[in-house]
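Step one of this worksheet: look at the structure below.
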Amino acid sequence: MMKFSLRHNNFNVLDLDKSIAFYESALGMKVERLIERETFKLAFLSDGHTAHEIELTWQRDRVEPYALGDNETHTCFAVDDYDKAHEKHQGMGCICFENVDMGLYFIEDPDGYWIEIVPEKR
């Protein structure tokens, strides 16, 4: 039987520096490596304790925001201190949806991608 393992999710971004700053501030992620080519730049960010990364792709010629449409695809992060994370994200003004009954909320990155935040122990 083949074994697959999750490695990264990709987000296309309009301003790479702004997006990196958001992921560092909001989620404590750090850039692990950068790949730069003539027409694009990739930044791979890590949470420092899992193998899963976020890949941010910046296209040199892109000037208009990406149309995300009605696709409800998202990435989910579990956090060990949910209340502290919620307070931080509320202060950043990036909470875009909250479901108190389900004990989760979403934050929105600079390009409009939604990221689900859940407590580590549910």
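Chain labels follow the order of the structure tokens: the first chain is A, the next B, and so on; residue numbering restarts at 1 in every chain, and ligands are counted from 1 in their shown order.
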
- Message: Residues of range 22-111 of chain A classed as alpha helix (DSSP H) by DSSP on the backbone are to be reported as a list in words.
- Response: Phe22, Tyr23, Glu24, Ser25, Ala26, Leu27, Tyr82, Asp83, Lys84, Ala85, His86, Glu87, Lys88, His89, Gln90, Gly91 and Met92 of chain A

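Within range 12-79 of chain A, DSSP applied to the backbone places the following residues in strand (DSSP E or B): Asn12, Val13, Lys30, Val31, Glu32, Arg33, Leu34, Ile35, Glu36, Phe40, Lys41, Leu42, Ala43, Phe44, Leu45, Ser46, Glu53, Ile54, Glu55, Leu56, Thr57, Trp58, Gln59, Thr75, Cys76, Phe77, Ala78 and Val79 of chain A.
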
- For CA of His52 in chain A and CA of Gly91 in chain A, determine how far apart the two atoms are, in Å to one decimal place.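 So the two atoms, CA of His52 in chain A and CA of Gly91 in chain A, lie 26.7 Å apart.
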
- Message: Calculated over only C-alpha atoms, which of the candidates A:Met2, A:Val63, A:Val100, A:Ile95 has the smallest distance to Glu116 in chain A?
- Response: A:Ile95

- Query: Which residue gives the smallest distance to Asp61 in chain A among A:Glu98, A:Leu27, A:Val13, A:Gln90, with only C-alpha atoms counted?
  - Reply: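 Closest to Asp61 in chain A of all the choices is A:Val13.
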
- Query: Pick the closest to Glu72 in chain A from A:Gly112, A:His49, A:Leu34, A:Gln59: which is it, counting only C-alpha atoms?
  - Reply: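 Going through A:Gly112, A:His49, A:Leu34, A:Gln59 one by one, the smallest distance to Glu72 in chain A is for A:Gly112.
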
- Query: What's the 7 Å shell around range 106-110 of chain A, counting only C-alpha atoms, without same-chain residues fewer than 3 positions away, as a PyMOL selection string?
  - Reply: chain A and resi 19+22+94-98+113-117

Store the residues picked out above in a file with N, CA, C and O atoms, as an mmCIF file, in the first residue's frame.
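Result file follows (selection23.cif):
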```
data_model
loop_
_atom_site.group_PDB
_atom_site.id
_atom_site.type_symbol
_atom_site.label_atom_id
_atom_site.label_comp_id
_atom_site.auth_asym_id
_atom_site.auth_seq_id
_atom_site.Cartn_x
_atom_site.Cartn_y
_atom_site.Cartn_z
ATOM 1 N N SER A 19 2.197 39.360 2.965
ATOM 2 C CA SER A 19 1.661 38.047 3.321
ATOM 3 C C SER A 19 2.564 37.329 4.309
ATOM 4 O O SER A 19 2.090 36.725 5.274
ATOM 5 N N PHE A 22 2.011 38.773 7.675
ATOM 6 C CA PHE A 22 0.747 38.324 8.246
ATOM 7 C C PHE A 22 0.893 36.935 8.846
ATOM 8 O O PHE A 22 0.496 36.699 9.994
ATOM 9 N N CYS A 94 -8.520 40.607 11.974
ATOM 10 C CA CYS A 94 -8.546 39.666 10.847
ATOM 11 C C CYS A 94 -9.569 38.549 11.000
ATOM 12 O O CYS A 94 -9.675 37.678 10.134
ATOM 13 N N ILE A 95 -10.371 38.541 12.084
ATOM 14 C CA ILE A 95 -11.421 37.537 12.217
ATOM 15 C C ILE A 95 -12.534 37.895 11.242
ATOM 16 O O ILE A 95 -13.060 39.001 11.257
ATOM 17 N N CYS A 96 -12.872 36.951 10.372
ATOM 18 C CA CYS A 96 -13.895 37.228 9.352
ATOM 19 C C CYS A 96 -15.170 36.409 9.571
ATOM 20 O O CYS A 96 -16.200 36.717 8.974
ATOM 21 N N PHE A 97 -15.101 35.364 10.386
ATOM 22 C CA PHE A 97 -16.284 34.552 10.683
ATOM 23 C C PHE A 97 -16.022 33.803 11.972
ATOM 24 O O PHE A 97 -14.922 33.320 12.202
ATOM 25 N N GLU A 98 -17.072 33.689 12.783
ATOM 26 C CA GLU A 98 -16.935 32.960 14.044
ATOM 27 C C GLU A 98 -18.183 32.126 14.286
ATOM 28 O O GLU A 98 -19.302 32.591 14.051
ATOM 29 N N TYR A 113 -7.811 34.809 1.636
ATOM 30 C CA TYR A 113 -7.906 33.393 1.984
ATOM 31 C C TYR A 113 -8.352 33.266 3.435
ATOM 32 O O TYR A 113 -7.877 33.994 4.306
ATOM 33 N N TRP A 114 -9.276 32.316 3.685
ATOM 34 C CA TRP A 114 -9.756 32.076 5.032
ATOM 35 C C TRP A 114 -8.953 30.953 5.676
ATOM 36 O O TRP A 114 -8.654 29.939 5.028
ATOM 37 N N ILE A 115 -8.636 31.134 6.947
ATOM 38 C CA ILE A 115 -7.887 30.143 7.721
ATOM 39 C C ILE A 115 -8.692 29.850 8.980
ATOM 40 O O ILE A 115 -8.989 30.751 9.768
ATOM 41 N N GLU A 116 -9.021 28.584 9.153
ATOM 42 C CA GLU A 116 -9.807 28.169 10.315
ATOM 43 C C GLU A 116 -8.893 27.994 11.524
ATOM 44 O O GLU A 116 -7.806 27.452 11.425
ATOM 45 N N ILE A 117 -9.385 28.445 12.683
ATOM 46 C CA ILE A 117 -8.646 28.290 13.934
ATOM 47 C C ILE A 117 -9.532 27.475 14.892
ATOM 48 O O ILE A 117 -10.695 27.830 15.136
#
```

- Message: Just to confirm, what's the straight-line distance from CA of Leu104 in chain A to CA of Phe77 in chain A in Å (one decimal)?
- Response: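 One can read the CA of Leu104 in chain A to CA of Phe77 in chain A distance as 10.3 Å.
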
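From CA of Trp58 in chain A back to CA of Phe11 in chain A, the distance works out to 8.8 Å.
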
- Message: Restricting the calculation to only C-alpha atoms: of A:Leu68, A:Met102, A:Ala85, A:Ala78, which residue gets closest to Glu120 in chain A?
- Response: A:Ala78

- Item | Counting only C-alpha atoms, the option among A:Glu32, A:Lys121, A:Leu14, A:Gly93 closest to Asp81 in chain A | A:Lys121

- Query: What's the 12 Å shell around Ser5 in chain A, counting only C-alpha atoms, without same-chain residues fewer than 6 positions away, as a list in words?
  - Reply: Thr50, Ala51, His52 and Glu53 of chain A

- Which is closest to Asn12 in chain A among A:Lys41, A:Lys84, A:His89, A:His74, if we use only C-alpha atoms?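 Closest residue, counting only C-alpha atoms: A:Lys41.
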